[in-house]
file my_file.txt (compact mmCIF, C-alpha atoms)
# COMPACT_ATOMS: atom_id res chain seq x y z
CA MET A 1 -51.63 36.96 36.08
CA PHE A 2 -51.86 36.52 32.32
CA ALA A 3 -55.32 35.87 31.02
CA ILE A 4 -57.64 36.09 28.07
CA VAL A 5 -61.21 36.73 29.12
CA GLU A 6 -64.62 37.00 27.50
CA GLY A 7 -66.19 39.55 29.81
CA ALA A 8 -65.45 42.97 31.29
CA ILE A 9 -62.01 43.55 32.85
CA ASP A 10 -62.00 44.71 36.49
CA VAL A 11 -59.12 47.20 36.36
CA GLY A 12 -59.44 48.17 40.02
CA ALA A 13 -59.06 44.55 41.11
CA LEU A 14 -55.98 44.09 38.91
CA VAL A 15 -54.35 47.17 40.43
CA ALA A 16 -55.25 46.00 43.95
CA ASP A 17 -53.57 42.65 43.22
CA ALA A 18 -50.38 44.52 42.29
CA GLN A 19 -50.10 46.52 45.54
CA ARG A 20 -47.14 45.17 47.51
CA PRO A 21 -45.07 46.54 50.39
CA ASP A 22 -41.84 46.03 48.43
CA CYS A 23 -42.97 48.13 45.46
CA GLY A 24 -43.43 51.90 45.32
CA ALA A 25 -44.85 52.30 41.83
CA ILE A 26 -47.63 50.73 39.76
CA ALA A 27 -47.93 51.68 36.10
CA THR A 28 -51.11 50.62 34.38
CA PHE A 29 -52.16 50.75 30.76
CA VAL A 30 -55.75 50.26 29.66
CA GLY A 31 -56.59 50.03 25.97
CA THR A 32 -60.17 51.04 25.23
CA THR A 33 -62.41 51.04 22.18
CA ARG A 34 -62.11 54.43 20.51
CA VAL A 35 -64.68 55.78 18.09
CA ASP A 36 -63.70 58.51 15.68
CA GLU A 37 -66.90 60.41 15.10
CA SER A 38 -65.35 63.17 13.03
CA GLY A 39 -66.43 61.61 9.73
CA GLY A 40 -70.15 61.22 10.44
CA ALA A 41 -70.51 57.44 10.28
CA SER A 42 -68.76 55.65 13.11
CA VAL A 43 -67.71 52.30 14.46
CA GLU A 44 -70.34 50.69 16.68
CA TYR A 45 -67.94 48.42 18.55
CA LEU A 46 -64.78 46.34 18.17
CA GLU A 47 -64.75 42.57 18.13
CA TYR A 48 -61.65 40.59 19.09
CA GLU A 49 -60.63 37.01 18.36
CA ALA A 50 -57.52 35.06 19.36
CA TYR A 51 -55.57 31.98 18.42
CA ARG A 52 -55.61 30.10 21.69
CA PRO A 53 -53.77 28.80 23.57
CA MET A 54 -50.90 30.41 21.64
CA ALA A 55 -52.15 33.90 22.58
CA ASP A 56 -52.32 32.98 26.28
CA ARG A 57 -48.78 31.66 26.13
CA LYS A 58 -47.50 34.77 24.34
CA LEU A 59 -48.92 36.99 27.08
CA ALA A 60 -47.04 34.96 29.68
CA GLU A 61 -43.88 35.15 27.56
CA ILE A 62 -44.12 38.94 27.53
CA GLY A 63 -44.37 38.81 31.30
CA ALA A 64 -41.22 36.68 31.42
CA GLU A 65 -39.39 39.09 29.10
CA ILE A 66 -40.30 41.94 31.43
CA GLY A 67 -39.12 40.02 34.47
CA ALA A 68 -35.77 39.35 32.80
CA ARG A 69 -35.28 42.97 31.78
CA TRP A 70 -36.60 45.08 34.65
CA ASP A 71 -36.80 44.92 38.41
CA VAL A 72 -40.51 44.29 38.82
CA GLY A 73 -42.51 42.75 41.65
CA HIS A 74 -45.73 42.05 39.77
CA VAL A 75 -46.92 41.94 36.16
CA SER A 76 -50.42 41.18 34.96
CA ILE A 77 -51.83 41.33 31.45
CA VAL A 78 -55.48 40.63 30.69
CA HIS A 79 -56.91 40.79 27.18
CA ARG A 80 -60.61 40.63 26.42
CA LEU A 81 -62.19 38.84 23.43
CA GLY A 82 -65.52 39.28 21.72
CA ARG A 83 -67.47 42.51 21.52
CA VAL A 84 -65.95 45.54 23.25
CA ASP A 85 -68.10 48.66 23.20
CA PRO A 86 -66.79 52.23 22.92
CA GLY A 87 -64.92 53.30 26.07
CA GLU A 88 -64.66 49.73 27.37
CA ALA A 89 -61.31 48.09 28.13
CA SER A 90 -59.95 45.55 25.64
CA VAL A 91 -56.61 45.11 27.40
CA THR A 92 -55.18 45.97 30.81
CA ILE A 93 -51.51 45.84 31.79
CA VAL A 94 -50.39 46.35 35.39
CA VAL A 95 -46.74 46.48 36.44
CA ALA A 96 -45.51 47.05 40.00
CA SER A 97 -41.87 47.88 40.64
CA PRO A 98 -39.84 49.20 43.54
CA ARG A 99 -39.26 52.35 41.42
CA ARG A 100 -41.32 54.21 38.88
CA GLY A 101 -38.88 54.17 35.94
CA PRO A 102 -39.03 50.39 35.42
CA ALA A 103 -42.80 50.36 35.99
CA PHE A 104 -43.39 52.93 33.22
CA GLU A 105 -40.93 51.32 30.81
CA ALA A 106 -42.22 47.80 31.34
CA SER A 107 -45.89 48.72 30.92
CA ARG A 108 -45.08 50.49 27.66
CA TYR A 109 -43.02 47.54 26.51
CA ALA A 110 -45.90 45.18 27.24
CA ILE A 111 -48.42 46.95 25.02
CA GLU A 112 -45.90 47.33 22.17
CA ARG A 113 -45.08 43.61 22.35
CA ILE A 114 -48.75 42.66 22.47
CA LYS A 115 -49.25 44.56 19.22
CA GLU A 116 -46.27 42.75 17.69
CA VAL A 117 -46.51 39.11 18.71
CA VAL A 118 -49.76 38.10 20.37
CA PRO A 119 -52.13 36.37 17.90
CA ILE A 120 -55.20 38.48 18.53
CA TRP A 121 -57.17 40.33 15.86
CA LYS A 122 -59.85 42.97 15.99
CA ARG A 123 -62.44 44.10 13.55
CA GLU A 124 -64.34 47.36 13.52
CA VAL A 125 -68.02 46.64 13.32
CA TRP A 126 -70.12 49.27 11.53
CA SER A 127 -73.87 49.37 11.06
CA ASP A 128 -73.44 47.88 7.57
CA GLY A 129 -70.53 45.47 7.99
CA TYR A 130 -67.06 45.16 9.42
CA VAL A 131 -63.42 45.83 8.62
CA TRP A 132 -60.47 43.85 9.96
CA VAL A 133 -57.78 46.04 11.50
CA GLY A 134 -54.13 45.37 10.72
CA MET B 135 -60.40 65.77 38.75
CA PHE B 136 -57.63 67.17 40.91
CA ALA B 137 -57.97 66.44 44.58
CA ILE B 138 -56.17 66.01 47.85
CA VAL B 139 -57.88 63.47 50.08
CA GLU B 140 -57.50 62.10 53.58
CA GLY B 141 -58.64 58.52 52.99
CA ALA B 142 -58.01 55.62 50.62
CA ILE B 143 -57.93 56.33 46.87
CA ASP B 144 -60.35 54.31 44.74
CA VAL B 145 -58.14 53.65 41.71
CA GLY B 146 -60.78 51.62 39.89
CA ALA B 147 -63.29 54.46 40.11
CA LEU B 148 -60.72 56.96 38.80
CA VAL B 149 -59.97 54.74 35.80
CA ALA B 150 -63.70 54.24 35.17
CA ASP B 151 -64.16 58.02 35.15
CA ALA B 152 -61.49 58.27 32.44
CA GLN B 153 -63.11 55.80 30.01
CA ARG B 154 -64.42 57.75 27.02
CA PRO B 155 -65.47 56.74 23.51
CA ASP B 156 -63.10 59.29 21.96
CA CYS B 157 -60.00 57.90 23.74
CA GLY B 158 -58.24 54.60 23.07
CA ALA B 159 -55.64 54.63 25.82
CA ILE B 160 -55.58 55.21 29.58
CA ALA B 161 -52.21 55.36 31.33
CA THR B 162 -52.33 55.24 35.11
CA PHE B 163 -49.64 55.71 37.71
CA VAL B 164 -50.11 54.73 41.34
CA GLY B 165 -47.47 55.62 43.90
CA THR B 166 -47.52 53.28 46.89
CA THR B 167 -45.72 53.13 50.24
CA ARG B 168 -42.64 50.97 49.80
CA VAL B 169 -40.85 49.34 52.69
CA ASP B 170 -37.26 48.23 52.25
CA GLU B 171 -36.91 45.28 54.61
CA SER B 172 -33.39 44.37 53.50
CA GLY B 173 -31.79 46.10 56.47
CA GLY B 174 -33.76 44.45 59.26
CA ALA B 175 -35.51 47.47 60.79
CA SER B 176 -38.12 48.95 58.50
CA VAL B 177 -40.48 51.82 57.98
CA GLU B 178 -43.92 51.25 59.51
CA TYR B 179 -45.77 53.73 57.30
CA LEU B 180 -45.46 57.06 55.53
CA GLU B 181 -47.21 60.21 56.64
CA TYR B 182 -47.96 63.03 54.20
CA GLU B 183 -48.73 66.69 54.79
CA ALA B 184 -49.50 69.50 52.33
CA TYR B 185 -49.59 73.27 52.11
CA ARG B 186 -53.18 73.84 51.11
CA PRO B 187 -54.76 75.24 49.05
CA MET B 188 -51.48 75.83 47.18
CA ALA B 189 -50.98 72.09 46.71
CA ASP B 190 -54.50 71.67 45.30
CA ARG B 191 -53.88 74.50 42.85
CA LYS B 192 -50.53 73.06 41.77
CA LEU B 193 -52.17 69.72 40.93
CA ALA B 194 -54.67 71.52 38.72
CA GLU B 195 -51.82 73.51 37.11
CA ILE B 196 -50.07 70.27 36.20
CA GLY B 197 -53.31 69.14 34.60
CA ALA B 198 -53.42 72.37 32.59
CA GLU B 199 -49.78 71.93 31.53
CA ILE B 200 -50.63 68.45 30.27
CA GLY B 201 -53.66 69.71 28.39
CA ALA B 202 -51.54 72.34 26.66
CA ARG B 203 -48.82 69.89 25.68
CA TRP B 204 -50.58 66.65 24.74
CA ASP B 205 -53.81 65.58 23.08
CA VAL B 206 -55.62 64.21 26.12
CA GLY B 207 -59.31 63.67 26.82
CA HIS B 208 -59.13 63.28 30.59
CA VAL B 209 -56.61 63.88 33.38
CA SER B 210 -57.10 63.21 37.05
CA ILE B 211 -54.60 63.44 39.88
CA VAL B 212 -55.47 62.51 43.46
CA HIS B 213 -52.97 62.73 46.31
CA ARG B 214 -53.60 61.31 49.76
CA LEU B 215 -52.52 62.95 53.03
CA GLY B 216 -51.96 61.49 56.48
CA ARG B 217 -50.87 57.96 57.22
CA VAL B 218 -50.37 55.66 54.22
CA ASP B 219 -49.53 52.05 55.09
CA PRO B 220 -47.18 49.80 53.09
CA GLY B 221 -48.66 48.88 49.70
CA GLU B 222 -51.33 51.57 49.92
CA ALA B 223 -51.67 54.30 47.29
CA SER B 224 -50.41 57.80 48.14
CA VAL B 225 -51.00 59.24 44.68
CA THR B 226 -52.93 58.20 41.57
CA ILE B 227 -52.62 59.77 38.12
CA VAL B 228 -54.97 58.80 35.29
CA VAL B 229 -54.60 60.14 31.75
CA ALA B 230 -56.85 59.19 28.83
CA SER B 231 -55.83 60.06 25.28
CA PRO B 232 -56.92 59.08 21.80
CA ARG B 233 -53.51 57.36 21.42
CA ARG B 234 -51.19 55.61 23.82
CA GLY B 235 -48.03 57.67 23.27
CA PRO B 236 -49.45 60.87 24.77
CA ALA B 237 -51.11 58.93 27.59
CA PHE B 238 -47.82 57.35 28.67
CA GLU B 239 -45.83 60.57 28.31
CA ALA B 240 -48.36 62.71 30.15
CA SER B 241 -48.74 60.32 33.10
CA ARG B 242 -44.96 60.20 33.51
CA TYR B 243 -44.77 63.98 33.26
CA ALA B 244 -47.43 64.35 35.96
CA ILE B 245 -45.56 62.33 38.59
CA GLU B 246 -42.25 64.06 37.81
CA ARG B 247 -43.90 67.48 38.14
CA ILE B 248 -45.63 66.48 41.39
CA LYS B 249 -42.23 65.64 42.82
CA GLU B 250 -40.87 69.02 41.67
CA VAL B 251 -43.52 71.60 42.44
CA VAL B 252 -46.40 70.40 44.59
CA PRO B 253 -45.98 71.44 48.24
CA ILE B 254 -46.45 68.03 49.82
CA TRP B 255 -44.01 66.36 52.21
CA LYS B 256 -43.71 62.85 53.54
CA ARG B 257 -42.00 61.41 56.54
CA GLU B 258 -41.01 57.82 57.13
CA VAL B 259 -42.37 56.70 60.48
CA TRP B 260 -40.30 54.05 62.28
CA SER B 261 -41.09 52.32 65.53
CA ASP B 262 -38.79 54.79 67.33
CA GLY B 263 -39.36 58.05 65.49
CA TYR B 264 -39.57 59.54 62.03
CA VAL B 265 -37.43 60.97 59.24
CA TRP B 266 -38.54 63.61 56.76
CA VAL B 267 -37.90 62.64 53.15
CA GLY B 268 -36.41 65.17 50.74
CA MET C 269 -52.99 14.98 7.44
CA ILE C 270 -52.37 18.33 9.09
CA LYS C 271 -54.91 20.71 10.52
CA VAL C 272 -54.93 24.26 9.13
CA LEU C 273 -56.53 27.12 11.06
CA PHE C 274 -57.41 30.53 9.62
CA PHE C 275 -57.86 33.73 11.63
CA GLY C 276 -59.19 37.21 11.09
CA ALA C 277 -59.26 38.38 7.48
CA ALA C 278 -57.61 35.11 6.42
CA ALA C 279 -60.63 33.15 7.68
CA ASP C 280 -62.92 35.41 5.63
CA ARG C 281 -60.86 34.90 2.48
CA ALA C 282 -60.52 31.15 3.04
CA GLY C 283 -64.26 30.91 3.60
CA THR C 284 -63.58 28.70 6.62
CA ARG C 285 -61.84 28.78 9.97
CA GLU C 286 -60.40 25.28 9.77
CA THR C 287 -59.52 22.64 7.22
CA GLU C 288 -57.43 19.52 6.83
CA LEU C 289 -54.67 19.03 4.33
CA ASP C 290 -52.85 15.94 3.12
CA VAL C 291 -49.14 16.80 2.99
CA ARG C 292 -46.05 14.62 2.80
CA ASP C 293 -44.08 14.17 6.03
CA GLY C 294 -41.29 16.77 6.11
CA ALA C 295 -43.03 19.17 3.76
CA THR C 296 -41.93 22.77 4.30
CA LEU C 297 -44.34 25.45 5.40
CA ALA C 298 -43.78 27.13 2.02
CA GLU C 299 -45.02 23.96 0.32
CA VAL C 300 -48.00 23.85 2.65
CA TRP C 301 -48.83 27.44 1.76
CA THR C 302 -48.80 26.53 -1.94
CA LEU C 303 -51.31 23.77 -1.25
CA ILE C 304 -53.47 26.11 0.80
CA VAL C 305 -53.58 28.70 -1.98
CA GLU C 306 -54.48 26.03 -4.53
CA ARG C 307 -57.56 25.27 -2.49
CA HIS C 308 -58.33 28.83 -1.29
CA ALA C 309 -57.26 31.12 -4.13
CA ASP C 310 -58.65 34.25 -2.47
CA LEU C 311 -55.89 33.97 0.11
CA ALA C 312 -53.14 34.52 -2.47
CA PRO C 313 -53.11 38.36 -2.29
CA MET C 314 -52.53 38.20 1.51
CA GLY C 315 -49.45 36.04 1.14
CA ASP C 316 -46.83 38.69 1.82
CA THR C 317 -48.55 39.94 4.97
CA LEU C 318 -49.17 36.60 6.63
CA ALA C 319 -47.31 34.87 9.44
CA PHE C 320 -47.57 31.19 10.27
CA ALA C 321 -47.50 29.11 13.39
CA VAL C 322 -46.88 25.40 13.71
CA ASN C 323 -48.30 23.84 16.85
CA GLY C 324 -48.73 27.25 18.44
CA GLU C 325 -45.31 28.74 17.76
CA TYR C 326 -44.24 31.11 14.99
CA ALA C 327 -42.54 29.28 12.13
CA ARG C 328 -40.94 30.25 8.81
CA GLY C 329 -41.30 29.01 5.23
CA GLU C 330 -38.33 26.66 5.46
CA ASP C 331 -39.64 24.98 8.64
CA THR C 332 -41.15 21.54 8.11
CA VAL C 333 -44.41 19.98 9.22
CA SER C 334 -45.36 16.43 10.15
CA PRO C 335 -48.67 14.57 10.10
CA GLY C 336 -50.84 15.65 13.01
CA ASP C 337 -49.34 19.15 13.16
CA GLU C 338 -51.53 22.20 13.52
CA VAL C 339 -50.66 25.03 11.13
CA ALA C 340 -52.18 28.46 11.77
CA VAL C 341 -52.47 31.17 9.12
CA LEU C 342 -52.08 34.51 10.89
CA PRO C 343 -52.80 37.95 9.42
CA PRO C 344 -50.94 40.90 10.97
CA VAL C 345 -51.99 40.88 14.62
CA SER C 346 -54.07 43.78 15.90
CA GLY C 347 -54.66 43.13 19.59
CA GLY C 348 -54.41 45.76 22.28
CA MET D 349 -47.86 91.85 60.39
CA ILE D 350 -47.41 88.88 58.11
CA LYS D 351 -48.26 85.26 58.78
CA VAL D 352 -45.45 82.73 58.43
CA LEU D 353 -46.18 79.01 57.92
CA PHE D 354 -43.65 76.20 58.35
CA PHE D 355 -43.91 72.75 56.78
CA GLY D 356 -42.22 69.38 57.11
CA ALA D 357 -38.75 69.47 58.59
CA ALA D 358 -38.91 73.28 58.75
CA ALA D 359 -41.83 73.07 61.17
CA ASP D 360 -39.81 70.72 63.38
CA ARG D 361 -36.82 73.04 63.40
CA ALA D 362 -38.95 76.15 63.95
CA GLY D 363 -40.74 74.39 66.80
CA THR D 364 -44.04 75.67 65.43
CA ARG D 365 -46.18 75.44 62.31
CA GLU D 366 -47.22 79.08 62.31
CA THR D 367 -46.09 82.44 63.62
CA GLU D 368 -46.61 86.14 62.99
CA LEU D 369 -43.91 88.60 62.11
CA ASP D 370 -43.80 92.38 62.10
CA VAL D 371 -42.12 93.48 58.89
CA ARG D 372 -42.04 96.80 57.09
CA ASP D 373 -44.25 97.15 54.03
CA GLY D 374 -42.20 96.31 50.94
CA ALA D 375 -39.65 94.19 52.79
CA THR D 376 -38.03 91.58 50.58
CA LEU D 377 -38.43 87.91 51.21
CA ALA D 378 -34.69 87.77 51.91
CA GLU D 379 -35.19 90.29 54.70
CA VAL D 380 -38.13 88.29 56.05
CA TRP D 381 -35.94 85.19 56.09
CA THR D 382 -33.32 87.04 58.15
CA LEU D 383 -36.00 87.95 60.69
CA ILE D 384 -37.27 84.36 60.76
CA VAL D 385 -33.79 82.99 61.44
CA GLU D 386 -33.26 85.53 64.24
CA ARG D 387 -36.26 84.08 65.99
CA HIS D 388 -35.80 80.41 64.98
CA ALA D 389 -32.03 79.87 64.81
CA ASP D 390 -32.35 76.11 64.21
CA LEU D 391 -33.71 76.88 60.75
CA ALA D 392 -30.46 78.49 59.59
CA PRO D 393 -28.78 75.29 58.35
CA MET D 394 -31.79 74.58 56.10
CA GLY D 395 -31.52 77.94 54.38
CA ASP D 396 -30.00 76.79 51.10
CA THR D 397 -32.51 74.01 50.61
CA LEU D 398 -35.69 75.99 51.28
CA ALA D 399 -38.20 77.49 48.89
CA PHE D 400 -40.73 80.16 49.78
CA ALA D 401 -44.26 80.98 48.80
CA VAL D 402 -46.11 84.26 49.24
CA ASN D 403 -49.88 83.93 49.33
CA GLY D 404 -49.70 80.44 47.90
CA GLU D 405 -47.35 81.05 44.97
CA TYR D 406 -43.61 80.40 44.77
CA ALA D 407 -41.57 83.59 45.33
CA ARG D 408 -37.89 84.52 45.36
CA GLY D 409 -35.66 86.45 47.74
CA GLU D 410 -36.01 89.75 45.91
CA ASP D 411 -39.82 89.58 45.91
CA THR D 412 -41.52 91.85 48.44
CA VAL D 413 -44.20 91.27 51.03
CA SER D 414 -46.97 93.46 52.40
CA PRO D 415 -48.88 93.45 55.68
CA GLY D 416 -51.44 90.64 55.72
CA ASP D 417 -49.40 88.43 53.38
CA GLU D 418 -48.94 84.75 54.09
CA VAL D 419 -45.35 83.54 53.73
CA ALA D 420 -44.73 79.77 53.64
CA VAL D 421 -41.35 78.17 54.38
CA LEU D 422 -41.09 75.07 52.19
CA PRO D 423 -38.47 72.31 52.48
CA PRO D 424 -37.76 70.31 49.32
CA VAL D 425 -41.08 68.74 48.39
CA SER D 426 -41.41 64.97 48.62
CA GLY D 427 -44.93 64.15 47.50
CA GLY D 428 -45.78 61.29 45.20
call {"tool": "encode", "arguments": {"input": "my_file.txt", "output": "structure tokens"}}
result
Amino acid sequence: MFAIVEGAIDVGALVADAQRPDCGAIATFVGTTRVDESGGASVEYLEYEAYRPMADRKLAEIGAEIGARWDVGHVSIVHRLGRVDPGEASVTIVVASPRRGPAFEASRYAIERIKEVVPIWKREVWSDGYVWVG
Amino acid sequence: MFAIVEGAIDVGALVADAQRPDCGAIATFVGTTRVDESGGASVEYLEYEAYRPMADRKLAEIGAEIGARWDVGHVSIVHRLGRVDPGEASVTIVVASPRRGPAFEASRYAIERIKEVVPIWKREVWSDGYVWVG
Amino acid sequence: MIKVLFFGAAADRAGTRETELDVRDGATLAEVWTLIVERHADLAPMGDTLAFAVNGEYARGEDTVSPGDEVAVLPPVSGG
Amino acid sequence: MIKVLFFGAAADRAGTRETELDVRDGATLAEVWTLIVERHADLAPMGDTLAFAVNGEYARGEDTVSPGDEVAVLPPVSGG
């Protein structure tokens, strides 16, 4: 499943969807809003926007790249748009494979590719304005 | 949280527990019962046993090793005992870190170490008997 | 006419998220960019960092556009 | 007396999960293993693959045991 959503991501449900009798390993990556409070002032939340439907299609393409490169039984990538508060999930990747090596490698590959090719942007929103990241 | 449990593992709850404002990445590994049906006959389920409380302590030691080696905000490892049916989770590892590199590396390290040092054994149960793995 | 979409910091600098541009059939993306900067001068400093898409797929400066195409101006992506 | 615990395939071969053994104070684990095999001969072929724990921590053949200790006979682990 490759999706761009506006609301909270149900990570447990995505992992449950990946559980299959022919796979022994599920590697999951969840990206969450991180706030660096060391400097005093801090980010209040992140806000994401996407160029759709290109972004949706790029997520599915990453899934196809993974399927061509590794022995996987299930891949899902869900990215959230809009406001994402500290600690909340902005992206979730779930890969099931017969063996753990491909599951780990493919989930890592997915997040690196998302950060390279998927037309999604985030801005850090502060109490007095915002800053685009990237 | 480091635990050995007898019933189903709630992966979603473990990930939720790991979500923190000071971390931007959560890497999760779920080991599931895999059935290879290519040969006709197949495993009906796996059954796990442990030497406790040594196994519990070893899980916590792996958590301490991870904390000494990587910048992580949260580590949990839960291993299930008893019968685990195809597709069900036998072990779940959740690592939250400010950055994704340490999260991926530490979650991989945890499963490799579990397979090296934690006194847990599984047997494949077939319709006509069982075989210890390892 | 082609449609031009702006995202992220590029939308802020353009002062809009969407505009239309009259370009000759077969114009290159590089020529389109020149027209865009004429109309939205604040975008000029971003030029080297930007990527472009035509009809939802990445395209390069030498690629051409046709009437009805959708051109997207894409700052460095920062999803994840 | 020491307590001896068997796990996994070792429990099957020993025919029990737990037994007690009378060993001299300061006996090495290697000596304990010899006593175990005398009583549970089917375990002998597993010898090279086994690990041992004393009171819940991995121990080696030259380590010693004392009365009241718990010795665990551990086949190659296969958790995960």
call {"tool": "atom_distance", "arguments": {"input": "my_file.txt", "atom1": "atom CA of B:Thr166", "atom2": "atom CA of A:Pro102"}}
result
14.6 Å
call {"tool": "calpha_fit_and_write", "arguments": {"input": "my_file.txt", "fixed": "chain D", "moving": "chain C", "output": "JSON list (two decimals) with C-alpha atoms, in the frame of the given file"}}
result
[["chain", "number", "residue", "atom", "x", "y", "z"],
["C", 269, "MET", "CA", -47.86, 91.83, 60.41],
["C", 270, "ILE", "CA", -47.42, 88.86, 58.10],
["C", 271, "LYS", "CA", -48.26, 85.26, 58.78],
["C", 272, "VAL", "CA", -45.44, 82.72, 58.42],
["C", 273, "LEU", "CA", -46.17, 79.02, 57.94],
["C", 274, "PHE", "CA", -43.64, 76.21, 58.36],
["C", 275, "PHE", "CA", -43.91, 72.75, 56.80],
["C", 276, "GLY", "CA", -42.23, 69.39, 57.12],
["C", 277, "ALA", "CA", -38.74, 69.46, 58.60],
["C", 278, "ALA", "CA", -38.90, 73.27, 58.74],
["C", 279, "ALA", "CA", -41.83, 73.08, 61.17],
["C", 280, "ASP", "CA", -39.80, 70.72, 63.39],
["C", 281, "ARG", "CA", -36.81, 73.06, 63.39],
["C", 282, "ALA", "CA", -38.95, 76.16, 63.95],
["C", 283, "GLY", "CA", -40.71, 74.41, 66.81],
["C", 284, "THR", "CA", -44.02, 75.67, 65.43],
["C", 285, "ARG", "CA", -46.17, 75.44, 62.34],
["C", 286, "GLU", "CA", -47.22, 79.08, 62.29],
["C", 287, "THR", "CA", -46.11, 82.45, 63.60],
["C", 288, "GLU", "CA", -46.61, 86.14, 63.00],
["C", 289, "LEU", "CA", -43.91, 88.60, 62.11],
["C", 290, "ASP", "CA", -43.82, 92.38, 62.13],
["C", 291, "VAL", "CA", -42.12, 93.48, 58.90],
["C", 292, "ARG", "CA", -42.02, 96.81, 57.10],
["C", 293, "ASP", "CA", -44.25, 97.16, 54.04],
["C", 294, "GLY", "CA", -42.19, 96.32, 50.94],
["C", 295, "ALA", "CA", -39.68, 94.20, 52.81],
["C", 296, "THR", "CA", -38.05, 91.58, 50.58],
["C", 297, "LEU", "CA", -38.45, 87.89, 51.22],
["C", 298, "ALA", "CA", -34.70, 87.77, 51.92],
["C", 299, "GLU", "CA", -35.21, 90.30, 54.71],
["C", 300, "VAL", "CA", -38.12, 88.28, 56.04],
["C", 301, "TRP", "CA", -35.94, 85.18, 56.10],
["C", 302, "THR", "CA", -33.34, 87.04, 58.15],
["C", 303, "LEU", "CA", -36.01, 87.93, 60.69],
["C", 304, "ILE", "CA", -37.27, 84.36, 60.76],
["C", 305, "VAL", "CA", -33.79, 82.98, 61.45],
["C", 306, "GLU", "CA", -33.26, 85.52, 64.23],
["C", 307, "ARG", "CA", -36.27, 84.08, 65.98],
["C", 308, "HIS", "CA", -35.80, 80.41, 64.97],
["C", 309, "ALA", "CA", -32.05, 79.86, 64.80],
["C", 310, "ASP", "CA", -32.36, 76.12, 64.20],
["C", 311, "LEU", "CA", -33.73, 76.90, 60.76],
["C", 312, "ALA", "CA", -30.48, 78.52, 59.61],
["C", 313, "PRO", "CA", -28.78, 75.30, 58.36],
["C", 314, "MET", "CA", -31.79, 74.58, 56.06],
["C", 315, "GLY", "CA", -31.54, 77.95, 54.36],
["C", 316, "ASP", "CA", -30.00, 76.80, 51.10],
["C", 317, "THR", "CA", -32.53, 74.01, 50.59],
["C", 318, "LEU", "CA", -35.68, 75.99, 51.27],
["C", 319, "ALA", "CA", -38.22, 77.48, 48.88],
["C", 320, "PHE", "CA", -40.73, 80.15, 49.78],
["C", 321, "ALA", "CA", -44.26, 80.99, 48.81],
["C", 322, "VAL", "CA", -46.09, 84.26, 49.24],
["C", 323, "ASN", "CA", -49.86, 83.94, 49.33],
["C", 324, "GLY", "CA", -49.67, 80.44, 47.89],
["C", 325, "GLU", "CA", -47.32, 81.04, 44.98],
["C", 326, "TYR", "CA", -43.58, 80.41, 44.76],
["C", 327, "ALA", "CA", -41.57, 83.58, 45.31],
["C", 328, "ARG", "CA", -37.87, 84.52, 45.34],
["C", 329, "GLY", "CA", -35.64, 86.44, 47.76],
["C", 330, "GLU", "CA", -36.01, 89.73, 45.91],
["C", 331, "ASP", "CA", -39.83, 89.56, 45.92],
["C", 332, "THR", "CA", -41.52, 91.84, 48.43],
["C", 333, "VAL", "CA", -44.21, 91.25, 51.02],
["C", 334, "SER", "CA", -46.96, 93.46, 52.40],
["C", 335, "PRO", "CA", -48.86, 93.44, 55.69],
["C", 336, "GLY", "CA", -51.42, 90.65, 55.72],
["C", 337, "ASP", "CA", -49.40, 88.42, 53.38],
["C", 338, "GLU", "CA", -48.94, 84.75, 54.09],
["C", 339, "VAL", "CA", -45.35, 83.53, 53.71],
["C", 340, "ALA", "CA", -44.73, 79.77, 53.63],
["C", 341, "VAL", "CA", -41.36, 78.18, 54.37],
["C", 342, "LEU", "CA", -41.09, 75.07, 52.19],
["C", 343, "PRO", "CA", -38.48, 72.32, 52.48],
["C", 344, "PRO", "CA", -37.75, 70.30, 49.32],
["C", 345, "VAL", "CA", -41.09, 68.74, 48.40],
["C", 346, "SER", "CA", -41.42, 64.97, 48.62],
["C", 347, "GLY", "CA", -44.94, 64.13, 47.49],
["C", 348, "GLY", "CA", -45.81, 61.28, 45.18]]
call {"tool": "residues_near_point", "arguments": {"input": "my_file.txt", "point": "(-42.7, 95.6, 50.9)", "cutoff": "7 Å", "atoms": "only C-alpha atoms", "output": "MDAnalysis selection string"}}
result
chainID D and resid 372:376 412:414
call {"tool": "write_last_selection", "arguments": {"input": "my_file.txt", "atoms": "C-alpha atoms", "output": "tab-separated table (two decimals), keeping the file's coordinate frame"}}
result
chain	number	residue	atom	x	y	z
D	372	ARG	CA	-42.04	96.80	57.09
D	373	ASP	CA	-44.25	97.15	54.03
D	374	GLY	CA	-42.20	96.31	50.94
D	375	ALA	CA	-39.65	94.19	52.79
D	376	THR	CA	-38.03	91.58	50.58
D	412	THR	CA	-41.52	91.85	48.44
D	413	VAL	CA	-44.20	91.27	51.03
D	414	SER	CA	-46.97	93.46	52.40
call {"tool": "atom_distance", "arguments": {"input": "my_file.txt", "atom1": "atom CA of B:Pro220", "atom2": "atom CA of D:Gly427"}}
result
15.6 Å
call {"tool": "atom_distance", "arguments": {"input": "my_file.txt", "atom1": "atom CA of C:Leu289", "atom2": "atom CA of C:Leu311"}}
result
15.6 Å
call {"tool": "closest_residue", "arguments": {"input": "my_file.txt", "among": "B:Asp144, B:Asp190, B:Glu195, B:Asp156", "to": "A:Ser42", "atoms": "all atoms listed in the file"}}
result
B:Asp156
call {"tool": "closest_residue", "arguments": {"input": "my_file.txt", "among": "D:Ala378, D:Val385, D:Gly363, D:Phe355", "to": "D:Arg408", "atoms": "only C-alpha atoms"}}
result
D:Ala378
call {"tool": "closest_residue", "arguments": {"input": "my_file.txt", "among": "C:Gly348, C:Gly329, C:Leu303, C:Asp337", "to": "chain B", "atoms": "all atoms listed in the file"}}
result
C:Gly348
